file structure-v4.pdb (PDB, C-alpha atoms, pLDDT in the B column)
ATOM      1  CA  MET A  15      14.148 -17.705 -57.583  1.00 40.00           C
ATOM      2  CA  ALA A  16      12.765 -17.934 -54.051  1.00 39.00           C
ATOM      3  CA  LYS A  17      15.105 -16.925 -51.245  1.00 40.00           C
ATOM      4  CA  LYS A  18      12.931 -18.436 -48.576  1.00 41.00           C
ATOM      5  CA  LEU A  19      10.920 -21.582 -48.992  1.00 39.00           C
ATOM      6  CA  VAL A  20       7.451 -22.108 -47.467  1.00 32.00           C
ATOM      7  CA  THR A  21       3.966 -23.781 -47.970  1.00 30.00           C
ATOM      8  CA  ALA A  22       0.262 -23.792 -47.359  1.00 31.00           C
ATOM      9  CA  MET A  23      -1.968 -26.806 -47.880  1.00 27.00           C
ATOM     10  CA  VAL A  24      -4.175 -25.966 -44.982  1.00 25.00           C
ATOM     11  CA  LEU A  25      -7.080 -28.357 -44.494  1.00 24.00           C
ATOM     12  CA  ALA A  26      -8.742 -27.652 -41.167  1.00 27.00           C
ATOM     13  CA  THR A  27      -8.496 -25.548 -38.031  1.00 24.00           C
ATOM     14  CA  ALA A  28      -7.826 -27.126 -34.636  1.00 27.00           C
ATOM     15  CA  SER A  29      -9.945 -25.962 -31.737  1.00 28.00           C
ATOM     16  CA  PHE A  30      -8.516 -23.388 -29.339  1.00 29.00           C
ATOM     17  CA  ALA A  31      -9.132 -25.682 -26.373  1.00 30.00           C
ATOM     18  CA  SER A  32      -6.911 -28.417 -27.780  1.00 33.00           C
ATOM     19  CA  MET A  33      -4.161 -25.955 -28.744  1.00 38.00           C
ATOM     20  CA  ALA A  34      -4.012 -24.159 -25.393  1.00 38.00           C
ATOM     21  CA  VAL A  35      -2.071 -26.985 -23.741  1.00 41.00           C
ATOM     22  CA  TRP A  36       0.743 -26.397 -26.255  1.00 46.00           C
ATOM     23  CA  ALA A  37       1.594 -22.941 -24.952  1.00 52.00           C
ATOM     24  CA  GLU A  38       4.674 -23.977 -22.999  1.00 62.00           C
ATOM     25  CA  PRO A  39       8.393 -23.221 -23.336  1.00 72.00           C
ATOM     26  CA  VAL A  40      10.499 -25.352 -25.677  1.00 88.00           C
ATOM     27  CA  GLU A  41      14.201 -25.967 -25.171  1.00 89.00           C
ATOM     28  CA  LEU A  42      16.646 -26.384 -28.024  1.00 93.00           C
ATOM     29  CA  ALA A  43      17.517 -29.990 -28.835  1.00 95.00           C
ATOM     30  CA  PRO A  44      19.444 -31.520 -31.754  1.00 97.00           C
ATOM     31  CA  TYR A  45      17.437 -32.611 -34.797  1.00 98.00           C
ATOM     32  CA  LYS A  46      17.857 -33.451 -38.459  1.00 98.00           C
ATOM     33  CA  ALA A  47      14.882 -32.467 -40.614  1.00 98.00           C
ATOM     34  CA  GLU A  48      14.442 -33.283 -44.305  1.00 98.00           C
ATOM     35  CA  TYR A  49      12.050 -31.436 -46.619  1.00 98.00           C
ATOM     36  CA  SER A  50      10.638 -31.655 -50.114  1.00 98.00           C
ATOM     37  CA  ILE A  51      10.323 -28.469 -52.144  1.00 98.00           C
ATOM     38  CA  THR A  52       7.501 -28.054 -54.644  1.00 97.00           C
ATOM     39  CA  ARG A  53       6.119 -25.356 -56.873  1.00 93.00           C
ATOM     40  CA  GLY A  54       2.650 -25.513 -58.339  1.00 90.00           C
ATOM     41  CA  GLY A  55       2.366 -29.095 -57.113  1.00 90.00           C
ATOM     42  CA  SER A  56       5.465 -30.200 -59.078  1.00 93.00           C
ATOM     43  CA  ASP A  57       8.768 -31.374 -57.638  1.00 94.00           C
ATOM     44  CA  TYR A  58      11.130 -28.443 -57.260  1.00 94.00           C
ATOM     45  CA  GLY A  59      13.947 -29.711 -55.063  1.00 97.00           C
ATOM     46  CA  GLU A  60      14.824 -30.682 -51.509  1.00 98.00           C
ATOM     47  CA  GLY A  61      15.986 -29.071 -48.288  1.00 98.00           C
ATOM     48  CA  GLN A  62      17.542 -29.837 -44.917  1.00 98.00           C
ATOM     49  CA  ARG A  63      17.815 -28.201 -41.486  1.00 98.00           C
ATOM     50  CA  TYR A  64      20.236 -29.779 -39.001  1.00 98.00           C
ATOM     51  CA  LEU A  65      20.693 -28.481 -35.445  1.00 98.00           C
ATOM     52  CA  THR A  66      23.598 -29.869 -33.409  1.00 97.00           C
ATOM     53  CA  GLN A  67      25.457 -28.916 -30.229  1.00 96.00           C
ATOM     54  CA  THR A  68      29.215 -28.935 -29.683  1.00 92.00           C
ATOM     55  CA  ASN A  69      31.176 -30.000 -26.612  1.00 89.00           C
ATOM     56  CA  ALA A  70      31.746 -26.293 -25.944  1.00 88.00           C
ATOM     57  CA  GLY A  71      28.007 -25.740 -25.648  1.00 91.00           C
ATOM     58  CA  GLU A  72      27.663 -23.814 -28.911  1.00 96.00           C
ATOM     59  CA  TRP A  73      24.827 -24.572 -31.293  1.00 97.00           C
ATOM     60  CA  GLN A  74      25.385 -25.180 -35.003  1.00 97.00           C
ATOM     61  CA  LEU A  75      22.526 -24.817 -37.458  1.00 98.00           C
ATOM     62  CA  TYR A  76      22.967 -26.062 -41.024  1.00 98.00           C
ATOM     63  CA  GLY A  77      20.430 -25.169 -43.702  1.00 97.00           C
ATOM     64  CA  HIS A  78      20.458 -26.278 -47.319  1.00 98.00           C
ATOM     65  CA  THR A  79      18.118 -26.044 -50.305  1.00 97.00           C
ATOM     66  CA  ASP A  80      18.747 -27.462 -53.788  1.00 97.00           C
ATOM     67  CA  ILE A  81      16.273 -26.402 -56.475  1.00 96.00           C
ATOM     68  CA  SER A  82      16.001 -27.312 -60.155  1.00 92.00           C
ATOM     69  CA  TRP A  83      13.324 -25.878 -62.438  1.00 85.00           C
ATOM     70  CA  PHE A  84      13.661 -26.651 -66.167  1.00 86.00           C
ATOM     71  CA  ILE A  85      17.082 -25.195 -67.088  1.00 90.00           C
ATOM     72  CA  LEU A  86      17.337 -23.137 -63.888  1.00 91.00           C
ATOM     73  CA  SER A  87      19.157 -24.210 -60.740  1.00 96.00           C
ATOM     74  CA  ASP A  88      19.634 -22.678 -57.304  1.00 96.00           C
ATOM     75  CA  GLU A  89      21.586 -24.189 -54.415  1.00 98.00           C
ATOM     76  CA  ARG A  90      21.911 -22.348 -51.096  1.00 97.00           C
ATOM     77  CA  THR A  91      23.658 -23.223 -47.855  1.00 98.00           C
ATOM     78  CA  THR A  92      23.653 -21.422 -44.514  1.00 97.00           C
ATOM     79  CA  GLU A  93      25.716 -22.312 -41.452  1.00 98.00           C
ATOM     80  CA  SER A  94      25.033 -20.546 -38.163  1.00 97.00           C
ATOM     81  CA  VAL A  95      26.995 -20.934 -34.938  1.00 97.00           C
ATOM     82  CA  PHE A  96      25.545 -19.332 -31.802  1.00 96.00           C
ATOM     83  CA  ARG A  97      25.314 -19.539 -28.028  1.00 95.00           C
ATOM     84  CA  VAL A  98      22.124 -19.228 -26.010  1.00 93.00           C
ATOM     85  CA  ASN A  99      21.675 -16.711 -23.210  1.00 85.00           C
ATOM     86  CA  GLU A 100      18.390 -16.938 -21.299  1.00 76.00           C
ATOM     87  CA  GLU A 101      18.190 -13.165 -20.879  1.00 74.00           C
ATOM     88  CA  GLN A 102      19.532 -12.009 -24.252  1.00 71.00           C
ATOM     89  CA  GLY A 103      18.480 -14.828 -26.564  1.00 86.00           C
ATOM     90  CA  PHE A 104      20.912 -16.085 -29.190  1.00 92.00           C
ATOM     91  CA  ILE A 105      24.470 -14.742 -29.224  1.00 93.00           C
ATOM     92  CA  PRO A 106      26.011 -15.153 -32.707  1.00 95.00           C
ATOM     93  CA  VAL A 107      29.489 -16.595 -33.169  1.00 96.00           C
ATOM     94  CA  ASP A 108      29.755 -17.234 -36.906  1.00 97.00           C
ATOM     95  CA  PHE A 109      27.526 -17.116 -39.994  1.00 98.00           C
ATOM     96  CA  GLN A 110      28.211 -18.386 -43.516  1.00 98.00           C
ATOM     97  CA  TYR A 111      26.045 -18.165 -46.631  1.00 97.00           C
ATOM     98  CA  LYS A 112      26.706 -19.578 -50.081  1.00 97.00           C
ATOM     99  CA  ARG A 113      24.594 -19.508 -53.221  1.00 97.00           C
ATOM    100  CA  GLU A 114      25.422 -21.269 -56.519  1.00 97.00           C
ATOM    101  CA  GLY A 115      23.457 -21.903 -59.708  1.00 96.00           C
ATOM    102  CA  THR A 116      21.869 -19.969 -62.547  1.00 96.00           C
ATOM    103  CA  GLY A 117      22.971 -16.347 -62.480  1.00 94.00           C
ATOM    104  CA  SER A 118      25.569 -14.879 -60.177  1.00 94.00           C
ATOM    105  CA  ASP A 119      27.063 -16.962 -57.371  1.00 97.00           C
ATOM    106  CA  ARG A 120      27.276 -15.278 -53.961  1.00 96.00           C
ATOM    107  CA  ALA A 121      28.970 -15.936 -50.658  1.00 97.00           C
ATOM    108  CA  PHE A 122      29.160 -14.191 -47.296  1.00 97.00           C
ATOM    109  CA  HIS A 123      31.006 -15.038 -44.085  1.00 98.00           C
ATOM    110  CA  ALA A 124      30.790 -13.062 -40.850  1.00 97.00           C
ATOM    111  CA  SER A 125      32.315 -13.587 -37.421  1.00 97.00           C
ATOM    112  CA  PHE A 126      31.015 -11.923 -34.257  1.00 96.00           C
ATOM    113  CA  ASP A 127      32.422 -10.611 -30.989  1.00 95.00           C
ATOM    114  CA  ALA A 128      29.625 -10.496 -28.427  1.00 91.00           C
ATOM    115  CA  GLU A 129      31.647  -8.530 -25.866  1.00 91.00           C
ATOM    116  CA  THR A 130      32.300  -5.590 -28.197  1.00 92.00           C
ATOM    117  CA  HIS A 131      29.107  -6.030 -30.267  1.00 92.00           C
ATOM    118  CA  GLN A 132      31.171  -6.024 -33.440  1.00 93.00           C
ATOM    119  CA  ALA A 133      31.027  -8.139 -36.572  1.00 95.00           C
ATOM    120  CA  VAL A 134      33.696  -8.680 -39.216  1.00 96.00           C
ATOM    121  CA  ASN A 135      33.438  -9.656 -42.865  1.00 96.00           C
ATOM    122  CA  VAL A 136      35.847 -12.590 -42.888  1.00 97.00           C
ATOM    123  CA  ALA A 137      36.620 -12.324 -46.612  1.00 96.00           C
ATOM    124  CA  SER A 138      37.614  -8.654 -46.481  1.00 96.00           C
ATOM    125  CA  GLY A 139      38.644  -8.415 -42.845  1.00 96.00           C
ATOM    126  CA  LYS A 140      36.579  -5.220 -42.543  1.00 95.00           C
ATOM    127  CA  PRO A 141      34.053  -4.398 -39.787  1.00 95.00           C
ATOM    128  CA  ILE A 142      30.382  -4.695 -40.678  1.00 94.00           C
ATOM    129  CA  ASP A 143      28.113  -1.745 -39.918  1.00 91.00           C
ATOM    130  CA  ILE A 144      25.234  -3.326 -38.002  1.00 88.00           C
ATOM    131  CA  LYS A 145      22.865  -2.369 -35.190  1.00 79.00           C
ATOM    132  CA  TRP A 146      23.583  -4.893 -32.457  1.00 86.00           C
ATOM    133  CA  GLN A 147      22.016  -4.463 -29.063  1.00 78.00           C
ATOM    134  CA  GLY A 148      21.376  -7.646 -27.130  1.00 80.00           C
ATOM    135  CA  ALA A 149      20.558 -10.610 -29.376  1.00 88.00           C
ATOM    136  CA  LEU A 150      21.441 -10.755 -33.054  1.00 93.00           C
ATOM    137  CA  TYR A 151      20.218 -13.363 -35.529  1.00 95.00           C
ATOM    138  CA  ASP A 152      20.872 -14.414 -39.113  1.00 93.00           C
ATOM    139  CA  GLU A 153      18.788 -15.877 -41.928  1.00 89.00           C
ATOM    140  CA  GLY A 154      18.962 -19.343 -40.373  1.00 89.00           C
ATOM    141  CA  SER A 155      18.946 -18.805 -36.626  1.00 95.00           C
ATOM    142  CA  VAL A 156      16.016 -16.365 -36.625  1.00 96.00           C
ATOM    143  CA  ALA A 157      13.618 -19.211 -37.488  1.00 95.00           C
ATOM    144  CA  GLU A 158      14.946 -21.205 -34.509  1.00 96.00           C
ATOM    145  CA  LYS A 159      14.343 -18.332 -32.109  1.00 95.00           C
ATOM    146  CA  LEU A 160      10.928 -17.738 -33.678  1.00 97.00           C
ATOM    147  CA  ARG A 161       9.780 -21.281 -32.922  1.00 96.00           C
ATOM    148  CA  LEU A 162      10.864 -20.956 -29.287  1.00 95.00           C
ATOM    149  CA  ASP A 163       8.982 -17.680 -28.923  1.00 95.00           C
ATOM    150  CA  VAL A 164       5.870 -19.034 -30.645  1.00 97.00           C
ATOM    151  CA  ALA A 165       5.889 -21.975 -28.223  1.00 96.00           C
ATOM    152  CA  ALA A 166       6.141 -19.642 -25.222  1.00 93.00           C
ATOM    153  CA  GLU A 167       3.600 -17.190 -26.715  1.00 94.00           C
ATOM    154  CA  ARG A 168       6.081 -14.330 -26.404  1.00 94.00           C
ATOM    155  CA  GLU A 169       5.392 -10.964 -27.979  1.00 94.00           C
ATOM    156  CA  PRO A 170       6.448  -9.028 -29.925  1.00 95.00           C
ATOM    157  CA  LEU A 171       8.010 -11.346 -32.501  1.00 97.00           C
ATOM    158  CA  SER A 172      10.650  -8.865 -33.649  1.00 96.00           C
ATOM    159  CA  TYR A 173      14.336  -9.621 -34.218  1.00 95.00           C
ATOM    160  CA  ALA A 174      17.529  -7.842 -35.249  1.00 93.00           C
ATOM    161  CA  VAL A 175      18.952  -9.815 -38.178  1.00 94.00           C
ATOM    162  CA  ILE A 176      22.091  -9.723 -40.296  1.00 94.00           C
ATOM    163  CA  ASP A 177      21.154 -10.956 -43.772  1.00 93.00           C
ATOM    164  CA  GLU A 178      23.132 -12.930 -46.350  1.00 93.00           C
ATOM    165  CA  GLU A 179      24.638  -9.723 -47.735  1.00 91.00           C
ATOM    166  CA  GLY A 180      25.788  -8.390 -44.374  1.00 92.00           C
ATOM    167  CA  HIS A 181      22.976  -5.851 -44.021  1.00 92.00           C
ATOM    168  CA  SER A 182      21.297  -5.067 -40.710  1.00 91.00           C
ATOM    169  CA  LYS A 183      17.520  -5.579 -40.760  1.00 92.00           C
ATOM    170  CA  THR A 184      14.573  -6.026 -38.437  1.00 93.00           C
ATOM    171  CA  TYR A 185      12.416  -9.089 -39.056  1.00 96.00           C
ATOM    172  CA  ARG A 186       8.878  -8.941 -37.680  1.00 97.00           C
ATOM    173  CA  PHE A 187       6.355 -11.776 -37.491  1.00 98.00           C
ATOM    174  CA  GLN A 188       2.768 -12.238 -36.411  1.00 97.00           C
ATOM    175  CA  ARG A 189       0.930 -15.298 -35.238  1.00 97.00           C
ATOM    176  CA  ILE A 190      -1.984 -16.169 -37.545  1.00 97.00           C
ATOM    177  CA  GLY A 191      -3.577 -19.057 -35.671  1.00 97.00           C
ATOM    178  CA  GLU A 192      -3.903 -22.835 -35.427  1.00 97.00           C
ATOM    179  CA  GLU A 193      -4.274 -25.002 -38.516  1.00 98.00           C
ATOM    180  CA  THR A 194      -4.123 -28.637 -39.485  1.00 98.00           C
ATOM    181  CA  ILE A 195      -2.043 -29.158 -42.619  1.00 98.00           C
ATOM    182  CA  SER A 196      -1.201 -32.068 -44.903  1.00 97.00           C
ATOM    183  CA  THR A 197       2.515 -32.711 -45.469  1.00 98.00           C
ATOM    184  CA  PRO A 198       4.517 -35.620 -46.935  1.00 98.00           C
ATOM    185  CA  TYR A 199       5.292 -36.511 -43.306  1.00 98.00           C
ATOM    186  CA  GLY A 200       1.580 -36.715 -42.513  1.00 98.00           C
ATOM    187  CA  GLN A 201      -1.258 -34.571 -41.232  1.00 98.00           C
ATOM    188  CA  LEU A 202      -0.077 -32.198 -38.516  1.00 98.00           C
ATOM    189  CA  ASP A 203      -1.669 -29.719 -36.114  1.00 98.00           C
ATOM    190  CA  THR A 204       0.323 -26.512 -36.379  1.00 98.00           C
ATOM    191  CA  ILE A 205       0.704 -22.867 -35.456  1.00 98.00           C
ATOM    192  CA  LYS A 206       0.818 -20.623 -38.541  1.00 98.00           C
ATOM    193  CA  VAL A 207       3.024 -17.528 -38.510  1.00 98.00           C
ATOM    194  CA  GLU A 208       3.446 -14.795 -41.128  1.00 98.00           C
ATOM    195  CA  ARG A 209       6.428 -12.556 -41.695  1.00 97.00           C
ATOM    196  CA  VAL A 210       5.329  -8.915 -41.623  1.00 97.00           C
ATOM    197  CA  ARG A 211       6.798  -6.740 -44.385  1.00 93.00           C
ATOM    198  CA  ASP A 212       6.436  -3.075 -45.247  1.00 88.00           C
ATOM    199  CA  ASN A 213       5.039  -3.998 -48.666  1.00 84.00           C
ATOM    200  CA  ASN A 214       2.805  -6.844 -49.788  1.00 79.00           C
ATOM    201  CA  LYS A 215       4.742  -7.957 -52.867  1.00 89.00           C
ATOM    202  CA  ARG A 216       6.134 -10.948 -50.987  1.00 93.00           C
ATOM    203  CA  GLU A 217       4.342 -13.139 -48.462  1.00 96.00           C
ATOM    204  CA  THR A 218       6.110 -15.715 -46.305  1.00 96.00           C
ATOM    205  CA  TYR A 219       4.372 -18.198 -43.999  1.00 98.00           C
ATOM    206  CA  TYR A 220       5.752 -20.647 -41.434  1.00 98.00           C
ATOM    207  CA  TRP A 221       4.035 -23.637 -39.836  1.00 98.00           C
ATOM    208  CA  PHE A 222       5.343 -25.013 -36.515  1.00 98.00           C
ATOM    209  CA  ALA A 223       4.112 -28.314 -35.044  1.00 98.00           C
ATOM    210  CA  PRO A 224       3.657 -28.237 -31.224  1.00 97.00           C
ATOM    211  CA  GLU A 225       3.519 -32.038 -31.053  1.00 96.00           C
ATOM    212  CA  MET A 226       7.039 -32.097 -32.594  1.00 97.00           C
ATOM    213  CA  ASN A 227       8.667 -29.584 -30.230  1.00 95.00           C
ATOM    214  CA  TYR A 228       7.486 -26.772 -32.495  1.00 97.00           C
ATOM    215  CA  LEU A 229       9.643 -27.978 -35.375  1.00 98.00           C
ATOM    216  CA  LEU A 230       9.333 -25.985 -38.599  1.00 98.00           C
ATOM    217  CA  VAL A 231       7.265 -28.411 -40.687  1.00 98.00           C
ATOM    218  CA  GLN A 232       6.233 -26.216 -43.586  1.00 98.00           C
ATOM    219  CA  LEU A 233       7.202 -22.923 -45.157  1.00 98.00           C
ATOM    220  CA  GLN A 234       5.760 -21.144 -48.160  1.00 97.00           C
ATOM    221  CA  GLN A 235       6.537 -17.999 -50.113  1.00 96.00           C
ATOM    222  CA  PHE A 236       4.477 -16.000 -52.582  1.00 95.00           C
ATOM    223  CA  LYS A 237       5.504 -13.104 -54.782  1.00 92.00           C
ATOM    224  CA  GLU A 238       2.780 -10.806 -56.035  1.00 91.00           C
ATOM    225  CA  GLY A 239       0.258 -13.566 -55.343  1.00 91.00           C
ATOM    226  CA  ASP A 240       2.147 -16.340 -57.160  1.00 93.00           C
ATOM    227  CA  GLU A 241       3.619 -19.282 -55.284  1.00 93.00           C
ATOM    228  CA  GLN A 242       7.407 -19.218 -55.423  1.00 92.00           C
ATOM    229  CA  ALA A 243       8.172 -22.355 -53.431  1.00 95.00           C
ATOM    230  CA  THR A 244       6.747 -24.661 -50.780  1.00 97.00           C
ATOM    231  CA  MET A 245       8.993 -26.575 -48.389  1.00 98.00           C
ATOM    232  CA  ALA A 246       7.308 -29.386 -46.429  1.00 98.00           C
ATOM    233  CA  LEU A 247       8.632 -31.917 -43.940  1.00 98.00           C
ATOM    234  CA  THR A 248       9.369 -35.436 -45.209  1.00 98.00           C
ATOM    235  CA  GLY A 249      11.275 -36.840 -42.228  1.00 98.00           C
ATOM    236  CA  VAL A 250      13.019 -35.995 -38.959  1.00 98.00           C
ATOM    237  CA  THR A 251      15.415 -37.690 -36.546  1.00 98.00           C
ATOM    238  CA  TYR A 252      16.616 -36.585 -33.113  1.00 95.00           C
ATOM    239  CA  PRO A 253      20.325 -37.314 -32.554  1.00 90.00           C
ATOM    240  CA  LYS A 254      21.673 -37.047 -29.030  1.00 77.00           C
ATOM    241  CA  SER A 255      23.558 -33.916 -27.988  1.00 57.00           C
ATOM    242  CA  SER A 256      27.321 -34.261 -27.710  1.00 51.00           C
ATOM    243  CA  GLU A 257      26.859 -33.318 -24.058  1.00 51.00           C
ATOM    244  CA  ASP A 258      24.597 -36.302 -23.350  1.00 53.00           C
TER     245      ASP A 258
END

call {"tool": "encode", "arguments": {"input": "structure-v4.pdb", "output": "structure tokens"}}
result
Amino acid sequence: MAKKLVTAMVLATASFASMAVWAEPVELAPYKAEYSITRGGSDYGEGQRYLTQTNAGEWQLYGHTDISWFILSDERTTESVFRVNEEQGFIPVDFQYKREGTGSDRAFHASFDAETHQAVNVASGKPIDIKWQGALYDEGSVAEKLRLDVAAEREPLSYAVIDEEGHSKTYRFQRIGEETISTPYGQLDTIKVERVRDNNKRETYYWFAPEMNYLLVQLQQFKEGDEQATMALTGVTYPKSSED
């Protein structure tokens, strides 16, 4: 069952001249994005990514995927709360992960103290052993920071991440290039990014659309060359921030 959902129906490559004007910083803004999930061209499920801002200035990112495949099911939810520091990046406040369906259910909840650079497993009350220097991301928020850095053409695309099991990892990405893709939302000019792994058993690709504030519009994962899942944009709205 795919842990990350992504896609590739790449049709054409945009010229470098037309893409160059997109290399400008992007600021976070609330959005609600809906996605379809397919596998082998067949319906596989649906997904959502909602970014909102509280009156306290914290950002909340909600991610959800619901997959059904014959007798198998997999539903996953992530909730990230973080603050933004221009020098350090994202400062985590809280992260929750929940997985239900075929096989074992799993859940993880961590809270963070940015001043002491400590994290706590909320369920057990025990400290989490993580490497935290500067910014720290989770499975959901790392994709948000990635899109901002792709927009600004920052390098390297490397991030300290706490995963859904409470493990400390480094996620690395590389920019592949510009491509025009076909999605349920329509044809979009995009920047394609690949996650860099130490082995090639799994491949994960992200497509961000500059014309849509570098929104994640498609994501695709392969395992040993076989497509695991493709998540593609079906619709998006832009609610106003609570501070507006």

call {"tool": "closest_atom_pairs", "arguments": {"input": "structure-v4.pdb", "of": "region 129-192 of chain A", "to": "region 107-123 of chain A", "cutoff": "10 Å", "atoms": "all atoms listed in the file", "output": "CSV"}}
result
residue,atom,partner,partner_atom,distance
A:Ala133,CA,A:Asp108,CA,9.2
A:Val134,CA,A:His123,CA,8.4
A:Asn135,CA,A:His123,CA,6.0
A:Val136,CA,A:His123,CA,5.6
A:Ala137,CA,A:His123,CA,6.7
A:Ser138,CA,A:His123,CA,9.5
A:Leu150,CA,A:Val107,CA,9.9
A:Tyr151,CA,A:Phe109,CA,9.4
A:Asp152,CA,A:Phe109,CA,7.2
A:Glu153,CA,A:Tyr111,CA,8.9
A:Gly154,CA,A:Phe109,CA,8.9
A:Ser155,CA,A:Phe109,CA,9.4
A:Ile176,CA,A:Phe109,CA,9.2
A:Asp177,CA,A:Tyr111,CA,9.2
A:Glu178,CA,A:Tyr111,CA,6.0
A:Glu179,CA,A:Phe122,CA,6.4
A:Gly180,CA,A:Phe122,CA,7.3

call {"tool": "residues_around", "arguments": {"input": "structure-v4.pdb", "residues": "Glu41 (chain A)", "least_positions_apart": "5", "cutoff": "10 Å", "atoms": "all atoms listed in the file", "output": "list of chain:residue names"}}
result
A:Leu162, A:Ala165, A:Asn227, A:Tyr228

call {"tool": "resolve_selection", "arguments": {"input": "structure-v4.pdb", "expression": "the PyMOL selection byres ((chain A and resi 217) around 9)", "output": "list of chain:residue names"}}
result
A:Glu208, A:Arg209, A:Val210, A:Arg211, A:Asn214, A:Lys215, A:Arg216, A:Thr218, A:Tyr219, A:Gln234, A:Gln235, A:Phe236, A:Lys237, A:Glu238, A:Gly239

call {"tool": "resolve_selection", "arguments": {"input": "structure-v4.pdb", "expression": "the PyMOL selection byres ((chain A and resi 91) around 7)", "output": "MDAnalysis selection string"}}
result
chainID A and resid 77:79 89:90 92:93 111:113

call {"tool": "atom_distance", "arguments": {"input": "structure-v4.pdb", "atom1": "CA of Gly71 (chain A)", "atom2": "CA of Phe96 (chain A)"}}
result
9.2 Å

call {"tool": "closest_residue", "arguments": {"input": "structure-v4.pdb", "among": "A:Ile81, A:Val207, A:Val164, A:Ile144", "to": "Asp57 (chain A)", "atoms": "only C-alpha atoms"}}
result
A:Ile81

call {"tool": "residues_near_point", "arguments": {"input": "structure-v4.pdb", "point": "(4.4, -18.9, -36.3)", "cutoff": "7 Å", "atoms": "only C-alpha atoms", "output": "MDAnalysis selection string"}}
result
chainID A and resid 161 164 188:189 205:208 220:222

call {"tool": "build_atoms", "arguments": {"input": "structure-v4.pdb", "residues": "region 121-126 of chain A", "atoms": "all heavy atoms", "output": "compact mmCIF listing (two decimals), in the frame of the given file"}}
result
# COMPACT_ATOMS: atom_id res chain seq x y z
N ALA A 121 28.52 -15.35 -51.92
CA ALA A 121 28.97 -15.94 -50.66
C ALA A 121 29.18 -14.82 -49.64
O ALA A 121 29.52 -13.69 -50.01
CB ALA A 121 30.25 -16.74 -50.85
N PHE A 122 28.97 -15.16 -48.38
CA PHE A 122 29.16 -14.19 -47.30
C PHE A 122 29.56 -14.95 -46.05
O PHE A 122 29.02 -16.02 -45.74
CB PHE A 122 27.88 -13.40 -47.05
CG PHE A 122 27.95 -12.47 -45.88
CD1 PHE A 122 28.74 -11.33 -45.92
CD2 PHE A 122 27.23 -12.73 -44.71
CE1 PHE A 122 28.84 -10.47 -44.83
CE2 PHE A 122 27.30 -11.88 -43.63
CZ PHE A 122 28.11 -10.74 -43.69
N HIS A 123 30.53 -14.40 -45.31
CA HIS A 123 31.01 -15.04 -44.08
C HIS A 123 31.28 -13.95 -43.06
O HIS A 123 32.06 -13.03 -43.31
CB HIS A 123 32.28 -15.84 -44.37
CG HIS A 123 32.78 -16.62 -43.19
ND1 HIS A 123 33.98 -17.31 -43.20
CD2 HIS A 123 32.25 -16.83 -41.94
CE1 HIS A 123 34.16 -17.89 -42.02
NE2 HIS A 123 33.13 -17.62 -41.25
N ALA A 124 30.61 -14.05 -41.92
CA ALA A 124 30.79 -13.06 -40.85
C ALA A 124 31.15 -13.76 -39.55
O ALA A 124 30.67 -14.86 -39.26
CB ALA A 124 29.52 -12.25 -40.65
N SER A 125 32.01 -13.12 -38.78
CA SER A 125 32.32 -13.59 -37.42
C SER A 125 31.92 -12.48 -36.45
O SER A 125 31.92 -11.30 -36.80
CB SER A 125 33.80 -13.95 -37.27
OG SER A 125 34.61 -12.80 -37.45
N PHE A 126 31.59 -12.87 -35.21
CA PHE A 126 31.02 -11.92 -34.26
C PHE A 126 31.76 -11.94 -32.93
O PHE A 126 32.22 -12.98 -32.46
CB PHE A 126 29.54 -12.27 -34.01
CG PHE A 126 28.71 -12.33 -35.26
CD1 PHE A 126 28.59 -13.52 -35.98
CD2 PHE A 126 28.05 -11.20 -35.72
CE1 PHE A 126 27.83 -13.58 -37.13
CE2 PHE A 126 27.29 -11.25 -36.88
CZ PHE A 126 27.18 -12.44 -37.58
